[in-house]
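Listing of run.txt, compact mmCIF, C-alpha atoms and all ligand atoms
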```txt
# COMPACT_ATOMS: atom_id res chain seq x y z
CA MET C 252 32.17 16.54 24.26
CA LYS C 253 33.42 16.17 27.80
CA SER C 254 30.88 17.56 30.30
CA VAL C 255 30.11 17.60 34.00
CA LEU C 256 26.75 15.91 34.63
CA LEU C 257 24.44 16.28 37.62
CA PRO C 258 22.44 13.04 38.07
CA ASP C 259 20.50 14.13 41.20
CA TYR C 260 19.86 17.25 43.24
CA ASN C 261 20.92 17.03 46.87
CA LYS C 262 20.38 19.69 49.54
CA ASN C 263 23.56 18.46 51.22
CA VAL C 264 26.14 20.32 49.17
CA LEU C 265 28.92 17.77 49.71
CA ARG C 266 26.67 14.90 48.54
CA ALA C 267 25.56 16.98 45.54
CA MET C 268 29.21 17.59 44.62
CA LEU C 269 30.21 13.94 45.15
CA GLY C 270 27.34 12.88 42.87
CA LEU C 271 28.71 14.83 39.87
CA LYS C 272 29.88 12.66 36.97
CA ILE C 273 32.20 13.36 34.05
CA SER C 274 30.60 12.19 30.79
CA ASP C 275 31.35 12.07 27.08
CA LEU C 276 28.25 13.39 25.31
CA GLU C 277 27.25 13.88 21.67
CA LEU C 278 27.61 17.45 20.41
CA PRO C 279 24.17 19.12 20.62
CA VAL C 280 22.09 19.80 17.49
CA LEU C 281 21.41 23.53 17.15
CA LYS C 282 17.96 25.13 16.87
CA GLU C 283 17.54 28.03 14.40
CA ASP C 284 18.35 30.85 16.84
CA GLU C 285 21.18 29.12 18.71
CA VAL C 286 24.97 29.09 18.55
CA LEU C 287 27.49 26.49 19.65
CA VAL C 288 30.26 27.87 21.85
CA LYS C 289 33.59 26.14 22.46
CA THR C 290 34.24 26.87 26.10
CA GLU C 291 37.38 28.81 26.94
CA ALA C 292 36.56 29.00 30.66
CA ALA C 293 33.43 28.53 32.75
CA VAL C 294 32.96 29.88 36.26
CA CYS C 295 31.37 28.65 39.47
CA ASN C 296 29.04 31.12 41.19
CA PRO C 297 26.91 30.76 44.36
CA SER C 298 23.90 30.21 42.04
CA ASP C 299 25.60 27.08 40.61
CA ILE C 300 26.04 25.71 44.11
CA ALA C 301 22.36 26.41 44.90
CA PHE C 302 21.45 24.78 41.56
CA ILE C 303 23.16 21.44 42.26
CA GLN C 304 21.47 21.46 45.69
CA GLY C 305 18.09 21.90 43.97
CA VAL C 306 17.37 25.10 45.92
CA TYR C 307 17.80 27.63 43.08
CA ASN C 308 14.89 29.08 41.11
CA ILE C 309 16.04 27.11 38.03
CA ILE C 310 15.28 23.39 38.23
CA LYS C 311 16.28 21.43 35.10
CA PRO C 312 15.20 17.92 34.13
CA LEU C 313 17.96 15.47 35.12
CA PRO C 314 20.60 14.53 34.27
CA ALA C 315 21.68 18.11 33.57
CA ILE C 316 24.93 19.91 32.80
CA PRO C 317 25.53 22.52 35.55
CA GLY C 318 27.06 25.96 34.96
CA PHE C 319 25.26 29.16 33.97
CA GLU C 320 28.17 31.37 32.93
CA ALA C 321 31.24 31.06 30.67
CA ALA C 322 33.26 32.56 27.86
CA GLY C 323 34.36 30.99 24.62
CA VAL C 324 34.35 31.17 20.84
CA ILE C 325 31.34 30.55 18.58
CA VAL C 326 32.09 27.54 16.37
CA ASP C 327 28.68 26.88 14.80
CA GLU C 328 25.41 28.75 14.28
CA GLY C 329 21.74 27.87 13.70
CA LYS C 330 19.95 28.62 10.41
CA ARG C 331 18.66 32.04 11.47
CA VAL C 332 22.02 33.21 12.84
CA GLN C 333 24.63 34.70 10.54
CA GLY C 334 28.14 36.07 10.86
CA LEU C 335 28.87 35.07 14.45
CA LYS C 336 31.26 32.16 13.81
CA GLY C 337 34.68 32.91 15.30
CA LYS C 338 33.37 35.64 17.64
CA LYS C 339 34.61 35.70 21.21
CA VAL C 340 31.65 35.79 23.62
CA SER C 341 30.61 35.78 27.24
CA ALA C 342 27.40 33.90 27.95
CA PHE C 343 24.77 33.43 30.62
CA VAL C 344 22.80 30.27 29.83
CA GLN C 345 19.85 28.93 31.82
CA SER C 346 18.11 26.62 29.33
CA ASN C 347 17.18 23.05 30.35
CA ASP C 348 19.40 21.28 27.84
CA SER C 349 22.63 23.26 28.13
CA GLY C 350 25.18 24.10 30.80
CA THR C 351 28.60 25.74 30.71
CA TRP C 352 30.64 23.18 32.71
CA SER C 353 31.32 21.46 29.42
CA GLU C 354 33.72 21.49 26.49
CA TYR C 355 30.94 23.02 24.34
CA PHE C 356 27.63 24.64 25.23
CA VAL C 357 24.60 25.95 23.34
CA ALA C 358 23.38 29.53 23.77
CA LYS C 359 20.61 31.64 22.27
CA THR C 360 21.83 34.84 20.66
CA SER C 361 20.07 36.73 23.49
CA ASP C 362 22.26 34.84 26.02
CA ILE C 363 25.57 36.07 24.63
CA ILE C 364 27.62 39.25 24.70
CA ILE C 365 30.00 39.70 21.76
CA LEU C 366 33.28 40.79 23.28
CA ASP C 367 35.99 43.22 22.38
CA ASP C 368 39.01 41.07 21.39
CA LYS C 369 41.06 42.91 24.02
CA MET C 370 38.87 41.58 26.85
CA PRO C 371 41.07 39.27 29.02
CA ASP C 372 39.88 35.62 28.64
CA ASP C 373 39.57 34.78 32.35
CA GLN C 374 37.71 38.03 33.05
CA ALA C 375 35.38 37.27 30.12
CA ALA C 376 34.31 34.03 31.82
CA CYS C 377 32.87 36.04 34.75
CA PHE C 378 31.59 39.06 32.81
CA THR C 379 27.88 38.51 32.14
CA VAL C 380 26.58 38.28 35.72
CA ASN C 381 28.39 40.05 38.56
CA PRO C 382 29.62 43.28 36.92
CA PHE C 383 26.14 43.96 35.48
CA THR C 384 24.49 43.08 38.81
CA ALA C 385 26.67 45.57 40.66
CA TYR C 386 26.17 48.18 37.93
CA GLY C 387 22.38 47.73 37.94
CA MET C 388 22.11 47.83 41.73
CA PHE C 389 24.42 50.83 42.04
CA GLN C 390 22.20 53.05 39.87
CA LYS C 391 19.82 53.63 42.83
CA ALA C 392 22.71 54.72 45.11
CA LYS C 393 23.91 57.11 42.40
CA HIS C 394 20.43 58.43 41.71
CA ILE C 395 19.68 59.37 45.32
CA LYS C 396 23.29 60.56 45.89
CA THR C 397 23.64 58.67 49.16
CA PRO C 398 26.84 59.68 51.00
CA ALA C 399 27.52 56.02 51.82
CA ILE C 400 26.36 52.47 51.10
CA MET C 401 26.28 49.46 53.39
CA GLN C 402 26.73 45.88 52.19
CA ASN C 403 27.25 42.36 53.50
CA ALA C 404 29.11 39.36 52.01
CA SER C 405 31.72 42.02 51.33
CA GLY C 406 34.40 39.51 50.34
CA SER C 407 32.30 38.58 47.29
CA GLN C 408 32.99 39.71 43.74
CA VAL C 409 29.67 41.60 43.45
CA ALA C 410 30.60 43.45 46.65
CA SER C 411 34.06 44.28 45.28
CA PHE C 412 32.48 45.85 42.18
CA LEU C 413 30.03 47.82 44.34
CA ARG C 414 32.95 49.02 46.45
CA LYS C 415 34.81 50.18 43.35
CA MET C 416 31.72 51.95 41.96
CA ALA C 417 31.17 53.68 45.32
CA GLU C 418 34.80 54.79 45.35
CA GLU C 419 34.42 56.21 41.82
CA ALA C 420 31.30 58.11 42.97
CA GLY C 421 33.02 59.44 46.11
CA MET C 422 30.82 57.42 48.51
CA GLU C 423 31.90 55.73 51.73
CA VAL C 424 31.25 51.99 52.17
CA ILE C 425 30.36 50.01 55.28
CA ASP C 426 31.50 46.44 54.59
CA ILE C 427 30.20 43.47 56.59
CA VAL C 428 31.80 40.01 56.42
CA ARG C 429 31.38 36.83 58.42
CA LYS C 430 35.07 36.02 59.07
CA GLU C 431 37.69 38.18 60.79
CA GLU C 432 40.32 37.03 58.21
CA THR C 433 38.19 38.46 55.38
CA ALA C 434 37.81 41.70 57.36
CA SER C 435 41.61 41.98 57.74
CA PHE C 436 42.09 41.29 54.06
CA LEU C 437 39.65 44.05 53.07
CA ARG C 438 41.26 46.50 55.51
CA ASP C 439 44.70 45.68 54.01
CA GLU C 440 43.23 46.41 50.56
CA GLY C 441 42.16 49.86 51.77
CA SER C 442 38.55 49.43 52.96
CA LYS C 443 37.98 51.89 55.79
CA TYR C 444 34.86 50.60 57.54
CA VAL C 445 34.84 46.81 57.80
CA LEU C 446 32.90 44.87 60.43
CA ALA C 447 32.79 41.13 61.06
CA ASP C 448 29.31 40.10 62.20
CA SER C 449 30.97 37.56 64.53
CA ASP C 450 32.33 40.52 66.61
CA GLU C 451 30.49 40.63 69.96
CA ASN C 452 30.07 44.41 69.60
CA PHE C 453 28.91 44.18 65.99
CA ASP C 454 25.42 45.64 66.55
CA LYS C 455 26.74 48.66 68.42
CA LYS C 456 29.55 49.30 65.93
CA LEU C 457 27.13 49.07 63.00
CA ARG C 458 24.74 51.57 64.59
CA GLN C 459 27.64 53.98 65.27
CA LEU C 460 28.95 53.73 61.70
CA CYS C 461 25.47 54.32 60.27
CA LYS C 462 25.05 57.39 62.46
CA LYS C 463 28.39 58.74 61.26
CA LEU C 464 28.27 57.86 57.54
CA LYS C 465 24.49 57.97 56.88
CA PRO C 466 24.09 55.24 54.26
CA HIS C 467 20.69 55.43 52.58
CA ILE C 468 21.17 52.22 50.63
CA ALA C 469 22.05 48.75 51.95
CA TYR C 470 22.78 45.68 49.80
CA ASP C 471 21.86 42.34 51.37
CA ALA C 472 23.09 39.05 49.87
CA VAL C 473 22.84 37.02 53.07
CA GLY C 474 19.39 37.11 54.74
CA GLY C 475 18.76 35.67 58.22
CA SER C 476 19.16 37.92 61.26
CA LEU C 477 21.81 40.03 59.47
CA SER C 478 19.04 41.43 57.24
CA GLY C 479 17.25 42.73 60.33
CA LYS C 480 20.41 44.22 61.80
CA MET C 481 21.20 46.08 58.59
CA TYR C 482 17.63 47.24 57.99
CA ASN C 483 17.19 48.42 61.59
CA SER C 484 20.41 50.43 61.56
CA LEU C 485 19.52 52.31 58.34
CA ARG C 486 18.41 55.95 58.61
CA PRO C 487 14.81 57.02 57.82
CA ASN C 488 13.97 57.17 54.08
CA SER C 489 16.45 54.45 53.20
CA GLU C 490 16.25 51.32 51.06
CA MET C 491 17.64 47.83 51.52
CA ILE C 492 18.11 45.98 48.24
CA VAL C 493 18.06 42.21 48.66
CA TYR C 494 19.90 40.28 45.94
CA GLY C 495 21.08 36.99 47.48
CA GLY C 496 20.19 34.48 50.18
CA LEU C 497 23.60 33.04 51.04
CA SER C 498 22.60 32.00 54.59
CA ASN C 499 19.65 29.98 53.19
CA LYS C 500 17.62 31.57 56.00
CA PRO C 501 14.57 33.84 55.85
CA MET C 502 15.09 37.54 56.61
CA ASN C 503 14.62 37.97 60.38
CA ASP C 504 14.05 40.58 63.05
CA LEU C 505 13.12 43.50 60.82
CA ASN C 506 11.76 46.38 62.87
CA VAL C 507 8.14 46.98 61.87
CA MET C 508 8.24 50.62 63.02
CA GLY C 509 11.00 51.37 60.50
CA ALA C 510 8.67 50.48 57.64
CA ILE C 511 5.62 52.28 59.08
CA PHE C 512 7.06 55.47 60.50
CA HIS C 513 10.48 55.89 58.85
CA ASN C 514 9.68 55.06 55.23
CA LYS C 515 12.35 52.35 55.09
CA ILE C 516 11.87 50.18 52.02
CA ILE C 517 13.00 46.66 51.16
CA SER C 518 13.27 45.80 47.48
CA GLY C 519 14.71 42.91 45.49
CA PHE C 520 17.14 42.92 42.56
CA ASN C 521 17.28 40.27 39.86
CA LEU C 522 19.70 40.71 36.96
CA ILE C 523 17.40 39.17 34.33
CA ASP C 524 14.45 41.43 35.23
CA TRP C 525 16.72 44.48 35.35
CA LYS C 526 18.13 43.63 31.90
CA ALA C 527 14.58 43.20 30.51
CA SER C 528 13.59 46.60 31.92
CA LEU C 529 16.30 48.51 30.00
CA LYS C 530 15.51 50.62 26.93
CA GLU C 531 16.65 49.25 23.56
CA GLY C 532 20.40 49.63 23.08
CA ASN C 533 21.03 50.53 26.72
CA PHE C 534 22.40 47.11 27.69
CA GLU C 535 24.90 47.23 24.80
CA GLN C 536 26.08 50.70 25.92
CA ILE C 537 26.55 49.47 29.50
CA SER C 538 28.38 46.40 28.19
CA ILE C 539 30.83 48.57 26.20
CA HIS C 540 31.37 50.78 29.25
CA LEU C 541 32.01 47.79 31.54
CA GLN C 542 34.27 46.02 29.02
CA SER C 543 36.43 49.14 28.77
CA LYS C 544 36.84 49.10 32.56
CA PHE C 545 38.02 45.47 32.40
CA ILE C 546 40.34 46.12 29.48
CA GLU C 547 41.89 49.08 31.36
CA GLY C 548 42.24 46.83 34.43
CA VAL C 549 40.11 49.15 36.60
CA TYR C 550 37.55 46.38 37.26
CA LYS C 551 38.70 42.83 37.87
CA THR C 552 37.15 39.59 39.08
CA LYS C 553 39.48 37.83 41.48
CA ILE C 554 40.28 34.30 40.28
CA ALA C 555 41.44 31.93 43.03
CA ASN C 556 41.74 28.65 41.20
CA THR C 557 41.56 27.08 37.74
CA VAL C 558 40.82 23.38 37.17
CA ASP C 559 40.05 21.11 34.23
CA ILE C 560 36.73 19.25 33.99
CA ASP C 561 38.19 16.06 35.52
CA SER C 562 39.19 18.01 38.66
CA ILE C 563 35.80 19.65 39.21
CA LEU C 564 35.32 18.12 42.68
CA LYS C 565 38.69 19.35 43.92
CA GLY C 566 37.94 22.80 42.51
CA LEU C 567 34.48 23.03 44.08
CA LYS C 568 35.83 22.00 47.48
CA SER C 569 38.50 24.70 47.33
CA TYR C 570 35.94 27.34 46.24
CA LEU C 571 33.52 26.47 49.06
CA GLY C 572 36.40 26.44 51.57
CA ASN C 573 37.20 30.09 50.88
CA MET C 574 34.74 31.84 48.58
CA SER C 575 36.19 35.29 49.32
CA ALA C 576 39.55 34.16 47.89
CA GLY C 577 38.04 34.45 44.41
CA LYS C 578 36.31 32.52 41.67
CA LEU C 579 36.84 28.97 40.48
CA LEU C 580 37.36 28.71 36.72
CA ILE C 581 36.75 25.45 34.88
CA LYS C 582 38.80 25.14 31.71
CA PRO C 583 38.10 22.11 29.51
N1 LIG C 601 20.11 38.83 42.23
C1 LIG C 601 20.95 38.73 41.20
O1 LIG C 601 20.61 39.04 40.06
C2 LIG C 601 22.36 38.26 41.46
C3 LIG C 601 23.31 38.28 40.43
C4 LIG C 601 24.62 37.89 40.74
C5 LIG C 601 24.95 37.46 42.02
N2 LIG C 601 23.97 37.42 42.97
C6 LIG C 601 24.26 37.01 44.34
O2 LIG C 601 25.30 37.81 44.84
C7 LIG C 601 25.93 37.13 45.90
C8 LIG C 601 27.44 37.21 45.72
O3 LIG C 601 27.80 36.52 44.53
P1 LIG C 601 29.33 36.47 44.06
O4 LIG C 601 29.41 35.69 42.80
O5 LIG C 601 29.86 37.85 44.08
O6 LIG C 601 29.97 35.65 45.26
P2 LIG C 601 31.47 35.08 45.40
O7 LIG C 601 32.43 36.04 44.84
O8 LIG C 601 31.50 33.69 44.91
O9 LIG C 601 31.66 35.06 46.98
C9 LIG C 601 30.68 34.55 47.86
C10 LIG C 601 30.77 35.38 49.12
O10 LIG C 601 29.68 35.07 49.97
C11 LIG C 601 30.16 34.89 51.30
N3 LIG C 601 29.24 33.97 51.97
C12 LIG C 601 28.92 32.71 51.60
N4 LIG C 601 28.02 32.20 52.45
C13 LIG C 601 27.77 33.17 53.38
C14 LIG C 601 26.94 33.23 54.54
N5 LIG C 601 26.18 32.19 54.90
N6 LIG C 601 26.95 34.36 55.27
C15 LIG C 601 27.72 35.41 54.90
N7 LIG C 601 28.53 35.42 53.83
C16 LIG C 601 28.56 34.30 53.07
C17 LIG C 601 31.55 34.32 51.12
O11 LIG C 601 32.29 34.56 52.27
P3 LIG C 601 33.33 33.46 52.87
O12 LIG C 601 34.63 33.71 52.22
O13 LIG C 601 33.28 33.80 54.32
O14 LIG C 601 32.76 32.11 52.53
C18 LIG C 601 32.04 35.13 49.92
O15 LIG C 601 32.54 36.38 50.32
C19 LIG C 601 25.38 35.70 45.87
O16 LIG C 601 24.35 35.58 46.83
C20 LIG C 601 24.80 35.60 44.48
O17 LIG C 601 23.78 34.62 44.38
C21 LIG C 601 22.69 37.83 42.71
```
Translate the structure described by the file into structure tokens.
Ligand SMILES: NC(=O)c1ccc[n+]([C@@H]2O[C@H](COP(=O)([O-])OP(=O)(O)OC[C@H]3O[C@@H](n4cnc5c(N)ncnc54)[C@H](OP(=O)(O)O)[C@@H]3O)[C@@H](O)[C@H]2O)c1
Amino acid sequence: MKSVLLPDYNKNVLRAMLGLKISDLELPVLKEDEVLVKTEAAVCNPSDIAFIQGVYNIIKPLPAIPGFEAAGVIVDEGKRVQGLKGKKVSAFVQSNDSGTWSEYFVAKTSDIIILDDKMPDDQAACFTVNPFTAYGMFQKAKHIKTPAIMQNASGSQVASFLRKMAEEAGMEVIDIVRKEETASFLRDEGSKYVLADSDENFDKKLRQLCKKLKPHIAYDAVGGSLSGKMYNSLRPNSEMIVYGGLSNKPMNDLNVMGAIFHNKIISGFNLIDWKASLKEGNFEQISIHLQSKFIEGVYKTKIANTVDIDSILKGLKSYLGNMSAGKLLIKP
């Protein structure tokens, strides 16, 4: 099978990308509880970029096939698996000896979601991670009935799902981005309260919006000093949920008094832990609900570019050049 291979981790993202090789590998031998998936499309997420840099929480023995997420069709099954051949699936795979940037990949049955045949193929490739992350994180906002939410990295796909869920729940959204062009794009799409953190009056504008809209939940995917600015502008009895570290910087400048005297909480969200915390059958119900939203076209991951395995470098460069434009799909 044709696969992308990572020979070495490199903190310098360009060097990590330039090091990637295209290899012809033997088809893997399945263990009892595994299936072999023929890849329809794999996706590139920020976690894949962090992985090839060696700064993600998954470190695989090298050489390794990158890629954690994809969709495809099951073409073979291990001895303890029955009746899955031919099924269309989305998968999230983090095992040492498999990766999705490949013509075929191996998944455990717990790594896959069996899809409704009506699920659009490209959307299926990006289904297992971001929609569930947004859904899981949004439950807190719904539960406390906050009138508004605040989020950064608002050009991202997780942020676009959170925005949609807030709209469905009748909540306002304060969106924060790093580039003015992304801010204009979001405003053109209908977002009402968009701030670029490069704006010299950003701090003041953020405080004013928080006073007006009263968000009690903030979603932070960036870290660095932006974490402090968001946390400090939240009202008393609020929570900031941290789910990404896109700046690669520690969270800075958080006001101590907010935690002591205003009951402002910081928590973390991790999709895998959230999934493990659900009651039996709940994940499947959520999956059916989310799939129906994709099939109806209400939820959609924006796809910016599609490349074949041989053009992986070109694709990664274009994704990193404008991540808010949408996802990179890799189609073998
Ligand atoms: N905790 C979890 O379980 C979980 C699950 C899924 C995703 N995530 C995290 O969620 C975040 C968004 O993922 P995604 O797949 O939705 O992203 P995406 O669609 O690929 O877009 C990435 C976004 O991040 C922005 N960005 C990149 N570096 C940034 C920086 N240094 N400062 C501010 N903004 C920056 C990009 O803006 P530009 O256009 O300006 O580059 C772009 O809007 C990531 O941090 C990801 O790791 C976490």
Next item on the list: Tell me, as a list in words, which residues lie within 6 Å of region 254-257 of chain C, counting only C-alpha atoms; anything in the same chain fewer than 2 positions away does not count.
Entry: Asp259, Leu271, Lys272, Ile273, Ser274, Pro314, Ala315, Ile316, Trp352 and Ser353 of chain C
Check: How would you write as JSON, numbers by chain the residues that get within 9 Å of (24.4, 56.0, 58.8) in the file's frame, counting all atoms listed in the file?
Finding: {"C": [398, 399, 400, 401, 457, 458, 459, 460, 461, 462, 463, 464, 465, 466, 467, 484, 485, 486]}
Let me know the centre plus edge lengths, in Å and rounded to one decimal, of a box with edges along x, y and z that contains all listed atoms of ligand LIG 601 (chain C) and is padded by 5 Å on every side, as lines of an AutoDock Vina configuration file.
```
center_x = 27.4
center_y = 35.6
center_z = 47.7
size_x = 24.5
size_y = 16.9
size_z = 25.2
```
Note to self: Restricting the calculation to all atoms listed in the file: of C:Ile364, C:Ile325, C:Val294, C:Leu265, which residue gets closest to ligand LIG 601 (chain C)?
What the structure shows: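 Smallest distance to ligand LIG 601 (chain C) is found for C:Val294.
Counting only C-alpha atoms and all ligand atoms and comparing C:His513, C:Lys568, C:Lys330, C:Lys430, the residue that lies closest to ligand LIG 601 (chain C) is C:Lys430.
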Check: From the set C:Gly441, C:Pro501, C:Gly548, C:Gly406, which residue has the shortest atom-to-atom contact distance to Val428 (chain C), counting all atoms listed in the file?
Finding: C:Gly406
Notebook entry, point to check: Using all atoms listed in the file, which protein or nucleic acid residues are at most 7 Å from ligand LIG 601 (chain C), as an NGL selection string?
Noted result: :C and (296-298 or 380-381 or 384 or 404-410 or 428-430 or 433 or 472-473 or 494-498 or 520-523 or 571-578)
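Between CA of Leu276 (chain C) and CA of Leu313 (chain C) there is a distance of 14.4 Å.
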May I have the residues within 12 Å of Leu366 (chain C) as a compact mmCIF listing (two decimals) with C-alpha atoms, in the coordinates of the input, using all atoms listed in the file and disregarding those fewer than 3 positions away in the same chain?
```txt
# COMPACT_ATOMS: atom_id res chain seq x y z
CA ALA C 322 33.26 32.56 27.86
CA GLY C 323 34.36 30.99 24.62
CA VAL C 324 34.35 31.17 20.84
CA ILE C 325 31.34 30.55 18.58
CA LEU C 335 28.87 35.07 14.45
CA GLY C 337 34.68 32.91 15.30
CA LYS C 338 33.37 35.64 17.64
CA LYS C 339 34.61 35.70 21.21
CA VAL C 340 31.65 35.79 23.62
CA SER C 341 30.61 35.78 27.24
CA ALA C 342 27.40 33.90 27.95
CA ILE C 363 25.57 36.07 24.63
CA LYS C 369 41.06 42.91 24.02
CA MET C 370 38.87 41.58 26.85
CA PRO C 371 41.07 39.27 29.02
CA ASP C 372 39.88 35.62 28.64
CA GLN C 374 37.71 38.03 33.05
CA ALA C 375 35.38 37.27 30.12
CA ALA C 376 34.31 34.03 31.82
CA PHE C 378 31.59 39.06 32.81
CA THR C 379 27.88 38.51 32.14
CA GLU C 535 24.90 47.23 24.80
CA SER C 538 28.38 46.40 28.19
CA ILE C 539 30.83 48.57 26.20
CA HIS C 540 31.37 50.78 29.25
CA LEU C 541 32.01 47.79 31.54
CA GLN C 542 34.27 46.02 29.02
CA SER C 543 36.43 49.14 28.77
CA PHE C 545 38.02 45.47 32.40
CA ILE C 546 40.34 46.12 29.48
```
Check: Which residue gives the smallest distance to Gln345 (chain C) among C:Val332, C:Val549, C:Ala420, C:Ile309, with all atoms listed in the file counted?
Finding: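 Residue with the minimum atom-to-atom distance to Gln345 (chain C): C:Ile309.
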Next item on the list: Determine, counting all atoms listed in the file, which protein, DNA and RNA residues have an atom within 7 Å of an atom of Leu580 (chain C); residues of the same chain fewer than 5 positions away are not included. Present the result as an MDAnalysis selection string.
Entry: chainID C and resid 292:295 556:558
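Going from CA of Ser528 (chain C) to CA of Leu413 (chain C) covers 20.6 Å.
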